[in-house]
Amino acid sequence: MLGLRLWIRRRIAVLLFMAMVFEVAGQTAGKTDSGAHPVSVAQLIASTKEYDGKTLTIQGEAIGDVMTRGDHAWVNILGDGVAIGVWMTDKQASQIHELGRYGSTGDILQVSGIFHRACPDHGGEADIHATTVQVLHQGSKNAIGIKPGRLAAGLGLCVSGGLLALFWRRRERKNMSS
Amino acid sequence: MSKNNSLKDMRIILYYTGEILVGVALLNIIPLLTALIEGDAASAADFTVSLGATLTLGAGLALLGTGGTRAGWKHGMVTVAFSWLVAMIVAAIPHWLSGHFGSYLDCVFDVMSGFTTTGLTLVQDLDHVSDSLNMWRHLLTFVGGQGIVVLALAIFTGEGGGGYDFYVGEGKDERLFPSVLHTAKAIWRISLLYLVLGTFVMWIVCISIGLNAGRGFLHALWIFMSSWSTGGFAPMSQSILYYHSRLFELVTFIFFVIGSFNFALHAAVLKGEWKELLRNLETMSFGTTMSLLSFFTAWGLVKFHVYPNLVALISKGFYQLASAHTTTGFMTIYPQQFVTEWGDIAILAVIIAMMFGGSACSTAGGFKGLRVGILFKALIQDTKRLLRPSSSIVIQKYHYHGERSLGEQQVRSAALVVLMYMAIFAIGALAGCMAGYPFLLSVFESASATGNVGLTVGISSPSMPAFLKIVYIFNMWAGRLEFMAILASAGFVASLFKGDRHARA
């Protein structure tokens, strides 16, 4: 009888321990090192009211320009086809080496910070004030090669167009003189 | 109409369409040079194809057609409507070759949006588009704003080619000079003067907000072209939001408001007639409707606590309203924010602003301030008539480059154009609802396409149904040409069939 009670208590203790582990795991699941909720940029912009004032994490490609303003900078992050402005310190911005443009893929950043639906400091913009910025993948230059067939077709069309234009203008001059 | 006459008309139309296409072909040289300067051989090849194809088609049509004949009203109207459609198809070649569009329909949508200074776009991954394609897109919107047909004809034909008919066909009817050629040249002189000054100012602003000199120059040029033409294209997917700067917003606001004014008003101001600014019916109409709609927008936004302070209310609410009223289409908020945050009152105010539009004989779209002003004056006149004895004669005066009396014909013309705008706007809204979008959003997007605005609530995207893309293309085209050229073309096509039937009979 005593053995049975002990067995039951042990099982209960194990179950309680497992429940605690699952609870903790459940709470931390989907959180990043900084403890912020990860969210896609598209989801964020689609539900601005829901995320307003919350600390969260986004991932995306740094695009365009690092626009320095005093000791801070604006960097636009593109994720799921939607870009958002991130307000970060100069030091955080200095980690970025490659920006996404034509012919280059920008660094993939993970940014944690506070999202503002209508930032009172920045004219009501939807933005993120970064607390941490981490480069997950370095960007790269992408060589965009010329297609020789396309160039040949273009030159051929230019020659034919030029000849036709020449005939046309000659005809016009002839008509005018007659 | 006899078969011979039809053929003669067709050949005149083909000739002038060919001339216009040669003009469009020559425009390719600017993005081609951009690509060559940047060492972007792939894009240079794309623009070589576009230049060659457009030149071949243009010169070919001109050779098939008959030149040296004075074009009449009918030829002018049909040529304008037809050449805008053909130019739309050929100018989309670089778009298609860039690989940034899902279909050729998306490409022609983008081109028509550019030519009509609308600003709606179906481009994919705009943030990685080449500088040369961006140059092309913004160039199309700049040239479209001033009038592609008038430019081409001014270059090739000179005086005496029935230019006024082409000029009116493109939705402009203000003669700054007795000669239409001088008028067209004056419009281009004014625009190029502002282009140089405006680009320089924008460049300084771009550098001051953190862009480097090279990219800053290109962004300054494109954003100025877009502002002045009340176009709405921007080189980055976030539109003006990309720059995160109130100064940038202020400068673009000044340029697109100036761009939405009548060219005749610009000419008057450049001649030192500053008083015209305050007395002109159009500026008064714009000032009144802008003030009233600002009040309603602010009411709506304050009611729903959308913005935390006055700066935000101006930067987002007022800027978006002005962008709508001038039919520019620059955005400082995300399309989704209109839907999820703004509320019905503010959205309705923006829709009304998009319908009213800017000034006649400007780069702006919509009903135009002049027509709104004329209809309002007519309302006052009719109210006075009701209140006074039936024997009394009521003369309604208004100021528009001099004192004028309101005539029945002016009221009739204004009312007809407004009625037709409303009709195609309703078709666009209905098409949106048929495609499954909510009523208010369909109305918003249709007002934006018809008024050549470019603001979006997210309907205009590569994934929208093809039939809706076609409806919006038609609305942009009809809204820009103000119906006259399109009605004349429909009449011409009908007369061809009629003539054919008569000939067979």
# chains A, B, ... in the order shown; residues from 1 in each chain; ligands from 1
$ interface_residues --of "chain B" --to "chain A" --cutoff "8 Å" --atoms "only C-alpha atoms" --output "JSON, numbers by chain"
{"B": [41, 42, 43, 45, 46, 47, 48, 49, 50, 51, 52, 53, 54, 55, 56, 57, 59, 60, 62, 63, 67, 68, 125, 127, 128, 129, 130, 131, 209, 210, 211, 237, 238, 241, 242, 244, 246, 306, 307, 308, 309, 311, 312, 313, 315, 316, 332, 333, 334, 336, 337, 340, 341]}
$ closest_residue --among "A:Val111, A:Met88, A:Ala130, A:Ile96" --to "Val39 (chain A)" --atoms "only C-alpha atoms"
A:Val111
$ atom_distance --atom1 "CA of Phe376 (chain B)" --atom2 "CA of Met355 (chain B)"
15.3 Å
$ select_by_dssp --residues "region 134-314 of chain B" --states "helix (DSSP H, G or I)" --output "PyMOL selection string"
chain B and resi 134-146+148-156+163-169+180-208+213-228+239-243+246-259+263-270+275-279+281-303+310-314
$ atom_distance --atom1 "CA of Gly114 (chain B)" --atom2 "CA of Gly451 (chain B)"
13.3 Å
$ closest_residue --among "A:Ile114, A:Leu109, A:Val41, A:Val135" --to "Lys54 (chain A)" --atoms "only C-alpha atoms"
A:Ile114
$ residues_around --residues "Thr79 (chain B)" --least-positions-apart "3" --cutoff "7 Å" --atoms "only C-alpha atoms" --output "PyMOL selection string"
chain B and resi 13+16-17+75-76+82-83
$ select_by_dssp --residues "region 34-152 of chain A" --states "strand (DSSP E or B)" --output "short mmCIF file (atom, residue, chain, number, x, y, z; two decimals) with all heavy atoms, in the first residue's frame"
data_model
loop_
_atom_site.label_atom_id
_atom_site.label_comp_id
_atom_site.auth_asym_id
_atom_site.auth_seq_id
_atom_site.Cartn_x
_atom_site.Cartn_y
_atom_site.Cartn_z
N HIS A 37 8.50 38.93 -29.39
CA HIS A 37 7.72 38.06 -30.27
C HIS A 37 8.18 38.23 -31.71
O HIS A 37 8.23 39.34 -32.20
CB HIS A 37 6.24 38.44 -30.19
CG HIS A 37 5.66 38.24 -28.84
ND1 HIS A 37 5.18 37.02 -28.40
CD2 HIS A 37 5.50 39.09 -27.79
CE1 HIS A 37 4.74 37.16 -27.17
NE2 HIS A 37 4.93 38.40 -26.77
N PRO A 38 8.47 37.14 -32.42
CA PRO A 38 8.83 37.30 -33.83
C PRO A 38 7.56 37.49 -34.67
O PRO A 38 6.56 36.85 -34.41
CB PRO A 38 9.50 35.98 -34.18
CG PRO A 38 8.93 35.01 -33.26
CD PRO A 38 8.48 35.73 -32.03
N THR A 55 6.93 45.08 -27.84
CA THR A 55 8.30 44.75 -28.22
C THR A 55 8.24 43.49 -29.07
O THR A 55 7.61 42.51 -28.67
CB THR A 55 9.16 44.50 -26.97
OG1 THR A 55 9.15 45.70 -26.19
CG2 THR A 55 10.59 44.14 -27.34
N LEU A 56 8.85 43.53 -30.22
CA LEU A 56 8.78 42.38 -31.12
C LEU A 56 10.07 42.26 -31.93
O LEU A 56 10.96 43.11 -31.85
CB LEU A 56 7.56 42.49 -32.05
CG LEU A 56 7.25 43.86 -32.66
CD1 LEU A 56 8.17 44.16 -33.80
CD2 LEU A 56 5.81 43.92 -33.11
N THR A 57 10.13 41.20 -32.68
CA THR A 57 11.31 40.95 -33.51
C THR A 57 10.88 40.73 -34.96
O THR A 57 9.90 40.03 -35.20
CB THR A 57 12.06 39.70 -33.01
OG1 THR A 57 12.51 39.96 -31.70
CG2 THR A 57 13.25 39.37 -33.89
N ILE A 58 11.60 41.37 -35.86
CA ILE A 58 11.34 41.12 -37.29
C ILE A 58 12.64 40.66 -37.95
O ILE A 58 13.74 40.92 -37.42
CB ILE A 58 10.82 42.37 -38.02
CG1 ILE A 58 11.82 43.54 -37.90
CG2 ILE A 58 9.45 42.77 -37.54
CD1 ILE A 58 11.66 44.59 -38.97
N GLN A 59 12.48 40.00 -39.06
CA GLN A 59 13.65 39.64 -39.86
C GLN A 59 13.40 40.12 -41.27
O GLN A 59 12.27 40.06 -41.75
CB GLN A 59 13.83 38.12 -39.88
CG GLN A 59 14.41 37.57 -38.60
CD GLN A 59 14.65 36.06 -38.68
OE1 GLN A 59 14.58 35.46 -39.75
NE2 GLN A 59 14.95 35.47 -37.55
N GLY A 60 14.46 40.58 -41.91
CA GLY A 60 14.29 41.01 -43.30
C GLY A 60 15.58 41.58 -43.86
O GLY A 60 16.60 41.70 -43.17
N GLU A 61 15.48 41.96 -45.14
CA GLU A 61 16.64 42.46 -45.88
C GLU A 61 16.75 43.98 -45.72
O GLU A 61 15.76 44.70 -45.88
CB GLU A 61 16.45 42.10 -47.36
CG GLU A 61 17.58 42.55 -48.25
CD GLU A 61 17.24 42.40 -49.74
OE1 GLU A 61 16.13 41.94 -50.06
OE2 GLU A 61 18.10 42.77 -50.57
N ALA A 62 17.94 44.44 -45.40
CA ALA A 62 18.18 45.89 -45.34
C ALA A 62 18.25 46.41 -46.77
O ALA A 62 19.05 45.91 -47.57
CB ALA A 62 19.49 46.16 -44.62
N ILE A 63 17.39 47.38 -47.10
CA ILE A 63 17.33 47.83 -48.49
C ILE A 63 17.66 49.32 -48.63
O ILE A 63 17.52 50.09 -47.67
CB ILE A 63 15.93 47.59 -49.11
CG1 ILE A 63 14.82 48.18 -48.21
CG2 ILE A 63 15.69 46.14 -49.39
CD1 ILE A 63 13.50 48.36 -48.89
N GLY A 64 18.07 49.69 -49.82
CA GLY A 64 18.21 51.11 -50.18
C GLY A 64 19.39 51.82 -49.59
O GLY A 64 20.52 51.68 -50.07
N ASP A 65 19.15 52.56 -48.53
CA ASP A 65 20.18 53.44 -47.97
C ASP A 65 20.15 53.37 -46.44
O ASP A 65 19.10 53.13 -45.86
CB ASP A 65 19.90 54.90 -48.36
CG ASP A 65 19.70 55.07 -49.85
OD1 ASP A 65 18.56 54.82 -50.33
OD2 ASP A 65 20.66 55.44 -50.54
N VAL A 66 21.32 53.62 -45.84
CA VAL A 66 21.35 53.90 -44.40
C VAL A 66 21.31 55.42 -44.30
O VAL A 66 22.25 56.10 -44.70
CB VAL A 66 22.64 53.34 -43.74
CG1 VAL A 66 22.72 53.79 -42.29
CG2 VAL A 66 22.67 51.83 -43.84
N MET A 67 20.19 55.94 -43.79
CA MET A 67 20.04 57.40 -43.74
C MET A 67 20.35 57.89 -42.34
O MET A 67 19.54 57.76 -41.42
CB MET A 67 18.61 57.78 -44.17
CG MET A 67 18.36 57.54 -45.64
SD MET A 67 16.66 57.86 -46.14
CE MET A 67 15.88 56.31 -45.75
N THR A 68 21.56 58.41 -42.19
CA THR A 68 22.04 58.83 -40.87
C THR A 68 21.41 60.16 -40.47
O THR A 68 21.37 61.10 -41.26
CB THR A 68 23.58 58.96 -40.90
OG1 THR A 68 24.10 57.73 -41.40
CG2 THR A 68 24.14 59.22 -39.51
N ARG A 69 20.92 60.20 -39.24
CA ARG A 69 20.36 61.44 -38.67
C ARG A 69 20.96 61.60 -37.28
O ARG A 69 20.50 60.94 -36.33
CB ARG A 69 18.83 61.38 -38.55
CG ARG A 69 18.09 60.89 -39.78
CD ARG A 69 17.77 61.98 -40.76
NE ARG A 69 17.33 61.42 -42.03
CZ ARG A 69 16.08 61.11 -42.34
NH1 ARG A 69 15.11 61.32 -41.47
NH2 ARG A 69 15.78 60.60 -43.51
N HIS A 72 21.71 58.60 -34.76
CA HIS A 72 20.84 57.50 -35.15
C HIS A 72 20.77 57.40 -36.68
O HIS A 72 21.31 58.26 -37.38
CB HIS A 72 19.43 57.70 -34.59
CG HIS A 72 19.28 57.23 -33.17
ND1 HIS A 72 19.89 57.86 -32.11
CD2 HIS A 72 18.58 56.18 -32.65
CE1 HIS A 72 19.59 57.22 -31.00
NE2 HIS A 72 18.79 56.20 -31.29
N ALA A 73 20.09 56.37 -37.13
CA ALA A 73 19.92 56.21 -38.58
C ALA A 73 18.62 55.48 -38.87
O ALA A 73 18.12 54.72 -38.04
CB ALA A 73 21.09 55.43 -39.17
N TRP A 74 18.09 55.75 -40.08
CA TRP A 74 16.92 55.00 -40.57
C TRP A 74 17.40 53.93 -41.53
O TRP A 74 18.17 54.21 -42.44
CB TRP A 74 15.97 55.92 -41.33
CG TRP A 74 15.08 56.76 -40.48
CD1 TRP A 74 15.16 58.10 -40.27
CD2 TRP A 74 13.93 56.32 -39.74
NE1 TRP A 74 14.16 58.52 -39.43
CE2 TRP A 74 13.38 57.45 -39.10
CE3 TRP A 74 13.31 55.08 -39.55
CZ2 TRP A 74 12.25 57.38 -38.28
CZ3 TRP A 74 12.19 55.01 -38.74
CH2 TRP A 74 11.67 56.15 -38.13
N VAL A 75 16.95 52.71 -41.28
CA VAL A 75 17.22 51.63 -42.23
C VAL A 75 15.87 50.98 -42.52
O VAL A 75 15.10 50.68 -41.60
CB VAL A 75 18.19 50.58 -41.65
CG1 VAL A 75 18.38 49.43 -42.64
CG2 VAL A 75 19.54 51.21 -41.33
N ASN A 76 15.58 50.78 -43.80
CA ASN A 76 14.31 50.13 -44.16
C ASN A 76 14.55 48.64 -44.34
O ASN A 76 15.50 48.23 -45.02
CB ASN A 76 13.74 50.77 -45.43
CG ASN A 76 13.28 52.19 -45.18
OD1 ASN A 76 12.30 52.42 -44.48
ND2 ASN A 76 14.02 53.15 -45.70
N ILE A 77 13.68 47.87 -43.70
CA ILE A 77 13.83 46.41 -43.72
C ILE A 77 12.68 45.81 -44.52
O ILE A 77 11.51 46.09 -44.24
CB ILE A 77 13.78 45.83 -42.28
CG1 ILE A 77 14.80 46.52 -41.38
CG2 ILE A 77 13.96 44.32 -42.28
CD1 ILE A 77 16.22 46.21 -41.68
N LEU A 78 13.04 44.99 -45.51
CA LEU A 78 12.04 44.37 -46.39
C LEU A 78 11.83 42.90 -45.99
O LEU A 78 12.78 42.12 -45.97
CB LEU A 78 12.53 44.44 -47.84
CG LEU A 78 11.65 43.82 -48.92
CD1 LEU A 78 10.38 44.64 -49.14
CD2 LEU A 78 12.42 43.73 -50.24
N GLY A 79 10.58 42.59 -45.64
CA GLY A 79 10.25 41.20 -45.30
C GLY A 79 8.90 40.84 -45.88
O GLY A 79 7.95 41.61 -45.75
N VAL A 82 7.02 43.54 -47.95
CA VAL A 82 6.64 44.82 -47.34
C VAL A 82 7.84 45.35 -46.56
O VAL A 82 8.54 44.58 -45.89
CB VAL A 82 5.44 44.64 -46.37
CG1 VAL A 82 5.03 45.98 -45.77
CG2 VAL A 82 4.26 44.02 -47.08
N ALA A 83 8.09 46.66 -46.68
CA ALA A 83 9.24 47.24 -45.98
C ALA A 83 8.78 48.15 -44.85
O ALA A 83 7.71 48.76 -44.93
CB ALA A 83 10.09 48.03 -46.97
N ILE A 84 9.60 48.22 -43.80
CA ILE A 84 9.28 49.10 -42.67
C ILE A 84 10.55 49.82 -42.22
O ILE A 84 11.66 49.26 -42.33
CB ILE A 84 8.65 48.29 -41.50
CG1 ILE A 84 8.14 49.25 -40.41
CG2 ILE A 84 9.62 47.27 -40.91
CD1 ILE A 84 7.27 48.62 -39.37
N GLY A 85 10.39 51.04 -41.73
CA GLY A 85 11.53 51.80 -41.26
C GLY A 85 11.92 51.41 -39.85
O GLY A 85 11.06 51.28 -38.98
N VAL A 86 13.23 51.21 -39.66
CA VAL A 86 13.75 50.89 -38.32
C VAL A 86 14.67 52.01 -37.89
O VAL A 86 15.60 52.39 -38.62
CB VAL A 86 14.49 49.53 -38.32
CG1 VAL A 86 15.09 49.26 -36.96
CG2 VAL A 86 13.55 48.41 -38.73
N TRP A 87 14.39 52.56 -36.73
CA TRP A 87 15.18 53.65 -36.15
C TRP A 87 16.20 53.02 -35.22
O TRP A 87 15.85 52.40 -34.22
CB TRP A 87 14.24 54.58 -35.38
CG TRP A 87 14.81 55.79 -34.72
CD1 TRP A 87 14.76 56.07 -33.39
CD2 TRP A 87 15.46 56.92 -35.33
NE1 TRP A 87 15.33 57.28 -33.12
CE2 TRP A 87 15.77 57.83 -34.30
CE3 TRP A 87 15.81 57.23 -36.65
CZ2 TRP A 87 16.42 59.04 -34.55
CZ3 TRP A 87 16.46 58.44 -36.89
CH2 TRP A 87 16.75 59.33 -35.86
N MET A 88 17.49 53.12 -35.60
CA MET A 88 18.54 52.44 -34.82
C MET A 88 19.71 53.39 -34.59
O MET A 88 19.78 54.45 -35.22
CB MET A 88 19.01 51.18 -35.56
CG MET A 88 19.56 51.41 -36.95
SD MET A 88 20.12 49.88 -37.75
CE MET A 88 18.60 49.08 -38.20
N THR A 89 20.60 52.98 -33.69
CA THR A 89 21.76 53.83 -33.42
C THR A 89 22.76 53.69 -34.56
O THR A 89 22.74 52.70 -35.30
CB THR A 89 22.45 53.43 -32.10
OG1 THR A 89 22.92 52.10 -32.25
CG2 THR A 89 21.51 53.54 -30.91
N GLY A 100 20.21 46.07 -49.97
CA GLY A 100 19.47 45.52 -51.10
C GLY A 100 19.11 46.59 -52.11
O GLY A 100 18.45 47.57 -51.78
N ARG A 101 19.57 46.41 -53.32
CA ARG A 101 19.28 47.30 -54.45
C ARG A 101 19.30 46.45 -55.71
O ARG A 101 19.47 45.24 -55.63
CB ARG A 101 20.37 48.37 -54.59
CG ARG A 101 20.46 49.34 -53.43
CD ARG A 101 21.68 50.21 -53.57
NE ARG A 101 21.85 51.08 -52.42
CZ ARG A 101 22.88 51.88 -52.23
NH1 ARG A 101 23.85 51.92 -53.12
NH2 ARG A 101 22.96 52.65 -51.18
N SER A 104 22.12 43.71 -56.07
CA SER A 104 22.66 43.25 -54.79
C SER A 104 21.55 42.85 -53.82
O SER A 104 20.47 43.45 -53.82
CB SER A 104 23.56 44.32 -54.15
OG SER A 104 22.82 45.48 -53.89
N THR A 105 21.86 41.82 -53.05
CA THR A 105 20.95 41.39 -51.98
C THR A 105 21.52 41.95 -50.69
O THR A 105 22.71 41.78 -50.41
CB THR A 105 20.89 39.85 -51.91
OG1 THR A 105 20.55 39.37 -53.22
CG2 THR A 105 19.87 39.38 -50.90
N ILE A 108 20.71 40.25 -44.28
CA ILE A 108 19.46 39.87 -43.60
C ILE A 108 19.63 40.18 -42.11
O ILE A 108 20.56 39.68 -41.46
CB ILE A 108 19.15 38.36 -43.80
CG1 ILE A 108 19.06 38.02 -45.29
CG2 ILE A 108 17.85 37.99 -43.07
CD1 ILE A 108 17.95 38.69 -46.06
N LEU A 109 18.77 41.06 -41.63
CA LEU A 109 18.88 41.51 -40.24
C LEU A 109 17.78 40.89 -39.39
O LEU A 109 16.68 40.62 -39.88
CB LEU A 109 18.75 43.03 -40.16
CG LEU A 109 19.67 43.90 -41.00
CD1 LEU A 109 19.42 45.37 -40.65
CD2 LEU A 109 21.13 43.56 -40.77
N GLN A 110 18.11 40.72 -38.11
CA GLN A 110 17.07 40.43 -37.12
C GLN A 110 17.03 41.63 -36.19
O GLN A 110 18.04 41.97 -35.57
CB GLN A 110 17.39 39.16 -36.36
CG GLN A 110 16.35 38.86 -35.28
CD GLN A 110 16.51 37.48 -34.71
OE1 GLN A 110 16.13 36.48 -35.34
NE2 GLN A 110 17.08 37.40 -33.52
N VAL A 111 15.90 42.28 -36.17
CA VAL A 111 15.77 43.50 -35.36
C VAL A 111 14.73 43.27 -34.27
O VAL A 111 13.62 42.82 -34.55
CB VAL A 111 15.31 44.69 -36.25
CG1 VAL A 111 15.07 45.93 -35.42
CG2 VAL A 111 16.31 44.96 -37.34
N SER A 112 15.11 43.57 -33.04
CA SER A 112 14.14 43.56 -31.95
C SER A 112 13.95 45.00 -31.49
O SER A 112 14.91 45.78 -31.45
CB SER A 112 14.65 42.72 -30.78
OG SER A 112 14.76 41.39 -31.19
N GLY A 113 12.72 45.34 -31.18
CA GLY A 113 12.47 46.71 -30.74
C GLY A 113 11.00 46.95 -30.51
O GLY A 113 10.18 46.02 -30.58
N ILE A 114 10.68 48.22 -30.26
CA ILE A 114 9.28 48.57 -29.97
C ILE A 114 8.62 49.08 -31.25
O ILE A 114 9.15 49.97 -31.92
CB ILE A 114 9.20 49.64 -28.86
CG1 ILE A 114 9.86 49.10 -27.59
CG2 ILE A 114 7.75 50.05 -28.58
CD1 ILE A 114 10.12 50.15 -26.54
N PHE A 115 7.47 48.49 -31.55
CA PHE A 115 6.72 48.91 -32.75
C PHE A 115 5.74 50.02 -32.38
O PHE A 115 5.05 49.94 -31.36
CB PHE A 115 5.95 47.71 -33.33
CG PHE A 115 4.98 48.10 -34.42
CD1 PHE A 115 5.45 48.52 -35.66
CD2 PHE A 115 3.61 48.07 -34.20
CE1 PHE A 115 4.56 48.90 -36.66
CE2 PHE A 115 2.71 48.44 -35.20
CZ PHE A 115 3.20 48.86 -36.43
N HIS A 116 5.72 51.07 -33.21
CA HIS A 116 4.74 52.14 -33.03
C HIS A 116 3.83 52.18 -34.25
O HIS A 116 4.32 52.30 -35.36
CB HIS A 116 5.43 53.50 -32.89
CG HIS A 116 6.38 53.56 -31.74
ND1 HIS A 116 7.72 53.36 -31.88
CD2 HIS A 116 6.16 53.79 -30.42
CE1 HIS A 116 8.30 53.47 -30.70
NE2 HIS A 116 7.37 53.73 -29.80
N ASP A 127 6.64 52.61 -37.31
CA ASP A 127 8.09 52.31 -37.31
C ASP A 127 8.47 51.41 -36.14
O ASP A 127 7.63 51.08 -35.30
CB ASP A 127 8.91 53.61 -37.30
CG ASP A 127 8.77 54.41 -36.00
OD1 ASP A 127 8.22 53.88 -35.02
OD2 ASP A 127 9.23 55.56 -35.96
N ILE A 128 9.73 51.02 -36.15
CA ILE A 128 10.26 50.22 -35.04
C ILE A 128 11.47 50.95 -34.49
O ILE A 128 12.36 51.35 -35.25
CB ILE A 128 10.65 48.79 -35.52
CG1 ILE A 128 9.41 48.00 -35.92
CG2 ILE A 128 11.43 48.05 -34.42
CD1 ILE A 128 9.69 46.65 -36.54
N HIS A 129 11.50 51.14 -33.18
CA HIS A 129 12.70 51.69 -32.52
C HIS A 129 13.50 50.49 -32.03
O HIS A 129 13.06 49.77 -31.12
CB HIS A 129 12.29 52.60 -31.36
CG HIS A 129 11.67 53.89 -31.82
ND1 HIS A 129 11.68 55.03 -31.07
CD2 HIS A 129 11.04 54.22 -32.98
CE1 HIS A 129 11.06 56.00 -31.74
NE2 HIS A 129 10.67 55.52 -32.90
N ALA A 130 14.65 50.27 -32.65
CA ALA A 130 15.40 49.04 -32.38
C ALA A 130 16.08 49.06 -31.02
O ALA A 130 16.61 50.09 -30.59
CB ALA A 130 16.44 48.84 -33.47
N THR A 131 16.05 47.92 -30.36
CA THR A 131 16.88 47.75 -29.16
C THR A 131 18.10 46.90 -29.51
O THR A 131 19.21 47.20 -29.08
CB THR A 131 16.06 47.10 -28.02
OG1 THR A 131 15.35 45.97 -28.54
CG2 THR A 131 15.07 48.08 -27.41
N THR A 132 17.87 45.84 -30.29
CA THR A 132 19.02 45.05 -30.77
C THR A 132 18.91 44.83 -32.28
O THR A 132 17.81 44.67 -32.81
CB THR A 132 19.08 43.65 -30.09
OG1 THR A 132 17.92 42.92 -30.44
CG2 THR A 132 19.21 43.75 -28.60
N VAL A 133 20.08 44.85 -32.89
CA VAL A 133 20.14 44.59 -34.35
C VAL A 133 21.24 43.56 -34.58
O VAL A 133 22.36 43.72 -34.09
CB VAL A 133 20.47 45.87 -35.14
CG1 VAL A 133 20.64 45.56 -36.63
CG2 VAL A 133 19.39 46.93 -34.95
N GLN A 134 20.89 42.50 -35.28
CA GLN A 134 21.85 41.43 -35.51
C GLN A 134 21.85 41.07 -36.99
O GLN A 134 20.79 40.95 -37.59
CB GLN A 134 21.37 40.22 -34.68
CG GLN A 134 22.39 39.15 -34.49
CD GLN A 134 21.75 37.94 -33.77
OE1 GLN A 134 20.72 38.08 -33.11
NE2 GLN A 134 22.37 36.79 -33.91
N VAL A 135 23.07 40.92 -37.54
CA VAL A 135 23.15 40.49 -38.95
C VAL A 135 23.12 38.97 -38.99
O VAL A 135 24.01 38.31 -38.46
CB VAL A 135 24.44 41.02 -39.63
CG1 VAL A 135 24.52 40.52 -41.08
CG2 VAL A 135 24.47 42.54 -39.60
N LEU A 136 22.07 38.42 -39.59
CA LEU A 136 21.94 36.95 -39.66
C LEU A 136 22.71 36.38 -40.85
O LEU A 136 23.34 35.34 -40.75
CB LEU A 136 20.47 36.54 -39.78
CG LEU A 136 19.56 36.87 -38.60
CD1 LEU A 136 18.14 36.36 -38.86
CD2 LEU A 136 20.07 36.27 -37.31
N HIS A 137 22.59 37.05 -41.99
CA HIS A 137 23.31 36.61 -43.19
C HIS A 137 23.88 37.84 -43.89
O HIS A 137 23.18 38.85 -44.04
CB HIS A 137 22.36 35.91 -44.18
CG HIS A 137 21.66 34.73 -43.61
ND1 HIS A 137 22.30 33.56 -43.29
CD2 HIS A 137 20.35 34.55 -43.28
CE1 HIS A 137 21.42 32.71 -42.79
NE2 HIS A 137 20.22 33.30 -42.77
N SER A 140 25.02 40.07 -50.63
CA SER A 140 26.02 39.85 -51.68
C SER A 140 25.65 40.61 -52.95
O SER A 140 24.51 41.00 -53.14
CB SER A 140 26.09 38.36 -52.02
OG SER A 140 24.82 37.92 -52.44
N LYS A 141 26.67 40.81 -53.79
CA LYS A 141 26.43 41.42 -55.11
C LYS A 141 26.00 40.31 -56.06
O LYS A 141 26.55 39.20 -56.00
CB LYS A 141 27.72 42.04 -55.65
CG LYS A 141 28.27 43.17 -54.79
CD LYS A 141 27.76 44.50 -55.25
CE LYS A 141 28.41 45.63 -54.47
NZ LYS A 141 27.44 46.59 -53.99
#
$ atom_distance --atom1 "CA of Leu250 (chain B)" --atom2 "CA of Ser446 (chain B)"
27.5 Å
$ residues_around --residues "region 218-231 of chain B" --least-positions-apart "4" --cutoff "6 Å" --atoms "only C-alpha atoms" --output "MDAnalysis selection string"
chainID B and resid 117:119 138 141:142 145 199 202:203 255:256 259 327:328 363:364
